[in-house]
>>> print(open('target-v8.cif').read())   # mmCIF, C-alpha atoms and all ligand atoms
data_final
loop_
_atom_site.label_atom_id
_atom_site.label_comp_id
_atom_site.auth_asym_id
_atom_site.auth_seq_id
_atom_site.Cartn_x
_atom_site.Cartn_y
_atom_site.Cartn_z
CA MET A 261 74.33 122.96 111.79
CA THR A 262 70.91 123.66 110.31
CA GLY A 263 70.05 127.15 109.18
CA ALA A 264 67.14 127.19 111.62
CA ALA A 265 69.40 126.76 114.63
CA GLN A 266 70.96 130.21 114.70
CA LEU A 267 73.43 130.95 117.47
CA LYS A 268 72.29 133.64 119.87
CA ASN A 269 75.11 135.67 121.38
CA HIS A 270 74.39 136.63 124.96
CA GLY A 271 76.67 139.66 124.78
CA GLY A 272 78.01 139.39 128.33
CA SER A 273 78.45 136.72 130.97
CA VAL A 274 75.39 135.00 132.33
CA ARG A 275 74.82 133.04 135.54
CA LEU A 276 72.51 130.09 135.35
CA ARG A 277 71.59 126.85 137.08
CA ALA A 278 72.07 123.55 135.28
CA GLY A 279 71.19 119.91 135.75
CA TRP A 280 68.86 118.27 138.24
CA SER A 281 71.24 119.46 140.98
CA LYS A 282 70.65 123.09 139.92
CA THR A 283 74.41 123.72 139.98
CA THR A 284 75.27 127.40 139.47
CA LEU A 285 77.45 128.12 136.43
CA THR A 286 78.82 131.23 134.80
CA ALA A 287 78.94 131.30 131.02
CA GLY A 288 81.17 133.75 129.23
CA PRO A 289 79.86 135.74 126.29
CA GLY A 290 78.66 133.51 123.48
CA PRO A 291 76.19 130.77 122.65
CA ILE A 292 75.22 127.93 124.98
CA LEU A 293 74.82 124.32 123.82
CA ASP A 294 72.71 121.64 125.52
CA VAL A 295 73.75 118.14 124.40
CA GLY A 296 71.21 115.33 124.84
CA SER A 297 68.55 117.89 125.73
CA GLY A 298 65.73 115.35 125.44
CA ALA A 299 62.45 116.41 127.01
CA PHE A 300 64.05 119.14 129.15
CA PRO A 301 66.29 121.47 127.11
CA HIS A 302 67.98 124.16 129.15
CA PRO A 303 66.06 127.45 128.85
CA HIS A 304 69.30 129.40 128.22
CA ALA A 305 70.49 127.07 125.44
CA SER A 306 70.86 128.71 122.03
CA VAL A 307 71.43 125.31 120.40
CA ILE A 308 70.17 121.89 121.52
CA CYS A 309 71.61 118.66 120.15
CA GLU A 310 69.82 115.30 120.19
CA ARG A 311 70.42 111.97 118.52
CA ASN A 312 67.22 110.03 119.21
CA LEU A 313 64.04 111.79 118.14
CA ASP A 314 61.86 108.74 117.49
CA ASP A 315 63.03 106.37 120.22
CA ASN A 316 62.03 107.71 123.67
CA THR A 317 63.40 104.77 125.68
CA ASP A 318 66.28 106.82 127.13
CA ARG A 319 63.77 109.42 128.35
CA HIS A 320 61.27 107.18 130.18
CA GLY A 321 58.95 107.52 127.18
CA ALA A 322 58.90 111.33 127.10
CA SER A 323 59.17 112.98 123.67
CA ALA A 324 62.19 115.11 122.86
CA VAL A 325 61.58 118.85 122.49
CA ILE A 326 61.92 119.78 118.83
CA ASP A 327 62.21 123.49 118.10
CA ASP A 328 64.27 125.88 116.00
CA ARG A 329 67.31 125.41 118.27
CA LEU A 330 67.60 121.70 117.43
CA VAL A 331 70.57 120.18 115.62
CA VAL A 332 70.34 116.42 115.16
CA GLY A 333 73.70 114.87 115.97
CA ASP A 334 75.64 112.41 118.07
CA ALA A 335 77.18 113.62 121.32
CA THR A 336 80.33 111.59 120.67
CA SER A 337 80.93 113.25 117.27
CA LEU A 338 79.43 116.71 117.52
CA PRO A 339 78.65 118.58 114.28
CA PHE A 340 80.18 121.86 115.51
CA ARG A 341 83.49 123.62 114.96
CA ASP A 342 86.16 123.90 117.65
CA GLY A 343 85.32 126.47 120.34
CA ALA A 344 81.91 127.30 118.85
CA PHE A 345 80.22 127.64 122.25
CA ALA A 346 80.83 129.58 125.44
CA LEU A 347 79.26 126.82 127.53
CA VAL A 348 78.06 123.26 126.98
CA ILE A 349 75.59 121.57 129.35
CA VAL A 350 75.34 117.78 129.35
CA SER A 351 72.82 116.64 131.93
CA HIS A 352 72.19 112.90 132.41
CA VAL A 353 73.52 111.90 129.01
CA ALA A 354 77.08 110.59 129.55
CA GLU A 355 75.81 107.43 131.27
CA HIS A 356 73.90 106.59 128.06
CA VAL A 357 76.59 106.87 125.39
CA GLU A 358 78.66 104.01 124.02
CA ASP A 359 81.93 105.96 124.10
CA PRO A 360 82.03 108.40 127.04
CA VAL A 361 85.71 109.19 126.47
CA ALA A 362 84.87 110.48 122.97
CA LEU A 363 81.98 112.46 124.48
CA CYS A 364 84.27 114.18 126.99
CA ARG A 365 86.79 114.95 124.27
CA GLU A 366 84.10 116.45 122.04
CA LEU A 367 82.66 118.64 124.80
CA GLN A 368 86.07 120.16 125.49
CA ARG A 369 86.63 120.63 121.76
CA VAL A 370 83.42 122.55 120.98
CA ALA A 371 83.07 124.67 124.13
CA HIS A 372 85.22 126.98 126.24
CA SER A 373 83.53 125.76 129.40
CA GLY A 374 81.01 123.16 130.38
CA TYR A 375 79.09 121.11 132.87
CA ILE A 376 78.50 117.37 132.98
CA GLU A 377 76.09 115.76 135.40
CA THR A 378 75.27 112.07 135.70
CA PRO A 379 73.70 109.88 138.37
CA SER A 380 76.28 109.11 141.06
CA ALA A 381 77.71 105.60 141.18
CA LEU A 382 75.68 105.07 144.37
CA ALA A 383 72.44 106.20 142.69
CA GLU A 384 73.15 103.93 139.70
CA THR A 385 73.74 101.01 142.08
CA LEU A 386 70.66 101.55 144.24
CA LEU A 387 68.29 102.97 141.60
CA PRO A 388 69.62 101.49 138.36
CA GLU A 389 68.13 102.23 134.96
CA PRO A 390 68.45 99.39 132.43
CA PHE A 391 69.34 101.80 129.60
CA HIS A 392 72.31 103.33 131.47
CA GLN A 393 75.60 101.77 130.41
CA TRP A 394 77.94 103.30 132.99
CA LYS A 395 78.39 104.00 136.68
CA VAL A 396 80.09 107.38 136.78
CA SER A 397 82.26 108.64 139.62
CA ARG A 398 84.74 111.45 140.00
CA ARG A 399 88.36 111.38 141.17
CA GLY A 400 89.64 114.96 141.22
CA ARG A 401 89.70 116.25 137.64
CA ARG A 402 88.88 112.81 136.22
CA LEU A 403 85.54 111.19 135.43
CA VAL A 404 85.63 107.41 135.85
CA PHE A 405 83.20 105.39 133.75
CA ALA A 406 82.72 101.83 135.00
CA ARG A 407 80.68 99.63 132.68
CA LYS A 408 77.70 98.28 134.57
CA SER A 409 77.96 94.62 135.42
CA VAL A 410 75.18 92.17 136.19
CA SER A 411 74.15 92.78 139.80
CA SER A 412 73.68 90.05 142.35
CA LYS A 413 70.15 88.69 142.95
CA ARG A 414 70.04 90.27 146.42
CA LEU A 415 71.10 93.70 145.12
CA GLU A 416 68.64 93.37 142.24
CA TRP A 417 65.80 92.66 144.72
CA THR A 418 66.83 95.57 146.97
CA SER A 419 67.16 98.08 144.14
CA ARG A 420 63.84 97.06 142.57
CA HIS A 421 62.03 97.78 145.85
CA LEU A 422 64.02 100.95 146.57
CA TYR A 423 63.12 102.16 143.08
CA ARG A 424 59.42 101.57 143.67
CA TRP A 425 59.46 103.65 146.84
CA PHE A 426 61.91 106.35 145.75
CA TYR A 427 59.75 107.13 142.72
CA ILE A 428 56.46 106.81 144.58
CA GLY A 429 53.64 108.32 142.50
CA GLN A 430 55.87 108.75 139.40
CA GLU A 431 53.91 106.35 137.16
CA ASP A 432 55.08 108.20 134.04
CA ARG A 433 58.54 106.64 134.46
CA GLY A 434 57.12 103.50 132.80
CA ARG A 435 58.46 101.25 135.60
CA PRO A 436 56.59 99.68 138.53
CA VAL A 437 56.35 102.24 141.35
CA VAL A 438 54.25 102.52 144.50
CA SER A 439 51.06 104.55 143.95
CA LEU A 440 50.28 107.54 146.15
CA PRO A 441 47.47 107.04 148.65
CA PRO A 442 44.26 108.83 147.63
CA GLY A 443 43.24 112.29 148.84
CA ALA A 444 45.12 114.54 151.26
CA ALA A 445 47.50 111.79 152.39
CA GLY A 446 48.68 111.41 148.80
CA MET A 447 49.25 115.15 148.49
CA ILE A 448 51.27 115.19 151.71
CA VAL A 449 53.42 112.23 150.64
CA ALA A 450 54.00 113.80 147.20
CA ARG A 451 55.03 117.09 148.84
CA MET A 452 57.39 115.30 151.26
CA ARG A 453 58.98 113.41 148.37
CA TRP A 454 59.42 116.64 146.42
CA VAL A 455 61.23 118.27 149.36
CA ILE A 456 63.45 115.23 150.13
CA VAL A 457 64.42 114.65 146.48
CA GLY A 458 64.97 118.41 146.04
CA VAL A 459 67.51 118.35 148.91
CA LEU A 460 69.19 115.11 147.73
CA ASN A 461 69.41 116.48 144.18
CA ARG A 462 71.68 119.28 145.37
CA THR A 463 74.18 116.89 146.96
CA HIS A 464 76.78 114.43 145.72
CA VAL A 465 74.58 111.57 146.93
CA LEU A 466 72.54 111.43 143.73
CA HIS A 467 74.84 113.07 141.18
CA THR A 468 78.36 113.05 139.83
CA ARG A 469 79.26 116.52 138.58
CA MET A 470 82.12 118.08 136.64
CA VAL A 471 82.50 121.77 135.81
CA PHE A 472 85.29 122.46 133.33
CA SER A 473 86.87 125.20 131.26
CA ALA A 474 89.80 125.56 128.91
CA ALA A 475 91.88 126.69 131.92
CA ASP A 476 90.60 123.84 134.10
CA PRO A 477 90.14 120.77 131.87
CA PHE A 478 89.34 117.22 132.96
CA ASP A 479 89.97 113.78 131.62
CA ALA A 480 87.89 110.63 131.40
CA VAL A 481 88.73 106.99 131.85
CA VAL A 482 86.82 103.78 131.20
CA VAL A 483 87.38 100.98 133.70
CA ASP A 484 86.25 97.44 134.05
CA ASP A 485 83.61 97.38 136.81
CA GLN A 486 85.03 94.11 138.18
CA SER A 487 88.75 94.71 138.22
CA ARG A 488 88.73 98.53 138.13
CA ARG A 489 91.63 98.29 135.71
CA SER A 490 92.03 101.30 133.45
CA SER A 491 91.53 100.48 129.79
CA GLU A 492 91.49 103.87 128.12
CA VAL A 493 92.62 107.31 129.10
CA LEU A 494 91.84 110.61 127.52
CA ALA A 495 94.85 112.87 127.84
CA ASN A 496 94.26 116.51 128.73
C1 LIG B 501 67.78 111.03 130.42
S1 LIG B 501 67.71 112.05 129.00
C2 LIG B 501 68.33 113.57 129.65
C3 LIG B 501 67.58 114.75 129.10
C4 LIG B 501 67.96 116.09 129.72
N1 LIG B 501 69.32 116.46 129.38
C5 LIG B 501 67.75 116.11 131.19
O1 LIG B 501 68.68 116.40 131.96
O2 LIG B 501 66.62 115.85 131.63
C6 LIG B 501 69.10 111.47 128.02
C7 LIG B 501 69.07 112.05 126.63
O3 LIG B 501 70.33 111.81 125.99
C8 LIG B 501 70.08 111.51 124.63
N2 LIG B 501 71.23 110.79 124.09
C9 LIG B 501 71.65 109.55 124.43
N3 LIG B 501 72.76 109.21 123.71
C10 LIG B 501 73.02 110.29 122.92
C11 LIG B 501 74.02 110.56 121.95
N4 LIG B 501 75.00 109.65 121.67
N5 LIG B 501 73.99 111.76 121.31
C12 LIG B 501 73.03 112.67 121.59
N6 LIG B 501 72.06 112.47 122.49
C13 LIG B 501 72.04 111.28 123.16
C14 LIG B 501 68.81 110.68 124.67
O4 LIG B 501 68.14 110.66 123.43
C15 LIG B 501 68.01 111.40 125.74
O5 LIG B 501 67.18 112.39 125.22
#
>>> encode(input="target-v8.cif", output="structure tokens", more="lines below")
Ligand SMILES: C[S@@+](CC[C@H](N)C(=O)[O-])C[C@H]1O[C@@H](n2cnc3c(N)ncnc32)[C@H](O)[C@@H]1O
Amino acid sequence: MTGAAQLKNHGGSVRLRAGWSKTTLTAGPGPILDVGSGAFPHPHASVICERNLDDNTDRHGASAVIDDRLVVGDATSLPFRDGAFALVIVSHVAEHVEDPVALCRELQRVAHSGYIETPSALAETLLPEPFHQWKVSRRGRRLVFARKSVSSKRLEWTSRHLYRWFYIGQEDRGRPVVSLPPGAAGMIVARMRWVIVGVLNRTHVLHTRMVFSAADPFDAVVVDDQSRRSSEVLAN
């Protein structure tokens, strides 16, 4: 850890909201880590950890926030000691990493509790991002990572058009999207989208979520998207 990234102790427990779903979490006393913080580090994070500072592909072109909380490191081999953090937040990162089982192991090693959020398998099917490697779903206390396979032509056509409409007016995503109509109509459509996506964001429709702690751990498994056969299991 760099000298600049000092750990701030919160003294007592703190309640906060994390991820795009704004899931409520309680962190015990101690520092909070945000892994893969990118352009949107959590405001309560005492330490943020990022691997890619120069390549913004994984962030739709947005630059990573670089401040005195930053530790450069890989999420699958975190440069922190065991139990260093009260809480770790990992929002929309697990679907990017090469070895999600190692990621899940590392998160439970460095923190007493944590939160992982990814796009749901449905969202990844209907609104796929080319730089996501996994479709993530949850079975009880297990996260299931299915490597994305090549989609059929019909599904590819459907998802391309769904994507254009779902992200209407979001030109900064760097992908083709439908433009908002000019004037008041555009403002109304943008407002309606904000409300609809805000509601969907709080459901399981768009996100897979896992809250964990030392007393309530989880495991992770990688499966073949075609056969769904388990190839690797992380024991509790
Ligand atoms: C889609 S952004 C998510 C940013 C933020 N957490 C959020 O919820 O908006 C994914 C971030 O994960 C980072 N990332 C991907 N693989 C990583 C790895 N192995 N170690 C650390 N960060 C990684 C990327 O650089 C990127 O900033």
>>> residues_near_ligand(input="target-v8.cif", ligand="ligand LIG 501 (chain B)", cutoff="7 Å", atoms="all atoms listed in the file", output="list of chain:residue names")
A:Gly279, A:Trp280, A:Val295, A:Gly296, A:Ser297, A:Gly298, A:Ala299, A:Phe300, A:Pro301, A:Cys309, A:Glu310, A:Arg311, A:Asn312, A:Leu313, A:Asn316, A:Asp318, A:Arg319, A:Ala324, A:Gly333, A:Asp334, A:Ala335, A:Thr336, A:Val350, A:Ser351, A:His352, A:Val353, A:His356, A:Val357
>>> closest_residue(input="target-v8.cif", among="A:Val331, A:Val404, A:Leu276, A:Cys364", to="Asp484 in chain A", atoms="only C-alpha atoms")
A:Val404
>>> closest_residue(input="target-v8.cif", among="A:Asp479, A:Asp359, A:Glu416, A:Asp315", to="Arg398 in chain A", atoms="only C-alpha atoms")
A:Asp479
>>> atom_distance(input="target-v8.cif", atom1="CA of Val348 in chain A", atom2="CA of Arg469 in chain A")
13.5 Å
>>> atom_distance(input="target-v8.cif", atom1="CA of Arg399 in chain A", atom2="CA of Val471 in chain A")
13.1 Å
>>> residues_near_point(input="target-v8.cif", point="(65.4, 116.3, 144.4)", cutoff="10 Å", atoms="all atoms listed in the file", output="list in words")
Trp280, Ser281, Lys282, Arg453, Trp454, Val455, Ile456, Val457, Gly458, Val459, Leu460, Asn461, Arg462, Thr463 and Leu466 of chain A
>>> write_last_selection(input="target-v8.cif", atoms="C-alpha atoms", output="CSV table (one decimal), in the coordinates of the input")
chain,number,residue,atom,x,y,z
A,280,TRP,CA,68.9,118.3,138.2
A,281,SER,CA,71.2,119.5,141.0
A,282,LYS,CA,70.6,123.1,139.9
A,453,ARG,CA,59.0,113.4,148.4
A,454,TRP,CA,59.4,116.6,146.4
A,455,VAL,CA,61.2,118.3,149.4
A,456,ILE,CA,63.4,115.2,150.1
A,457,VAL,CA,64.4,114.6,146.5
A,458,GLY,CA,65.0,118.4,146.0
A,459,VAL,CA,67.5,118.4,148.9
A,460,LEU,CA,69.2,115.1,147.7
A,461,ASN,CA,69.4,116.5,144.2
A,462,ARG,CA,71.7,119.3,145.4
A,463,THR,CA,74.2,116.9,147.0
A,466,LEU,CA,72.5,111.4,143.7
>>> closest_residue(input="target-v8.cif", among="A:Ala444, A:Leu415, A:Leu422, A:Ala278", to="Asp294 in chain A", atoms="all atoms listed in the file")
A:Ala278
>>> closest_residue(input="target-v8.cif", among="A:Ser337, A:Ser419, A:Ser306, A:Ser409", to="Val370 in chain A", atoms="all atoms listed in the file")
A:Ser337
>>> residues_around(input="target-v8.cif", residues="Phe405 in chain A", least_positions_apart="3", cutoff="6 Å", atoms="all atoms listed in the file", output="list in words")
Trp394, Lys395, Val396 and Val482 of chain A
>>> residues_around(input="target-v8.cif", residues="Ser273 in chain A", least_positions_apart="2", cutoff="6 Å", atoms="only C-alpha atoms", output="list in words")
Ala287, Gly288 and Pro289 of chain A
>>> write_last_selection(input="target-v8.cif", atoms="C-alpha atoms", output="PDB file, keeping the file's coordinate frame")
ATOM      1  CA  ALA A 287      78.940 131.300 131.020  1.00  0.00           C
ATOM      2  CA  GLY A 288      81.170 133.750 129.230  1.00  0.00           C
ATOM      3  CA  PRO A 289      79.860 135.740 126.290  1.00  0.00           C
TER       4      PRO A 289
END
>>> atom_distance(input="target-v8.cif", atom1="CA of Ser473 in chain A", atom2="CA of Val332 in chain A")
24.7 Å
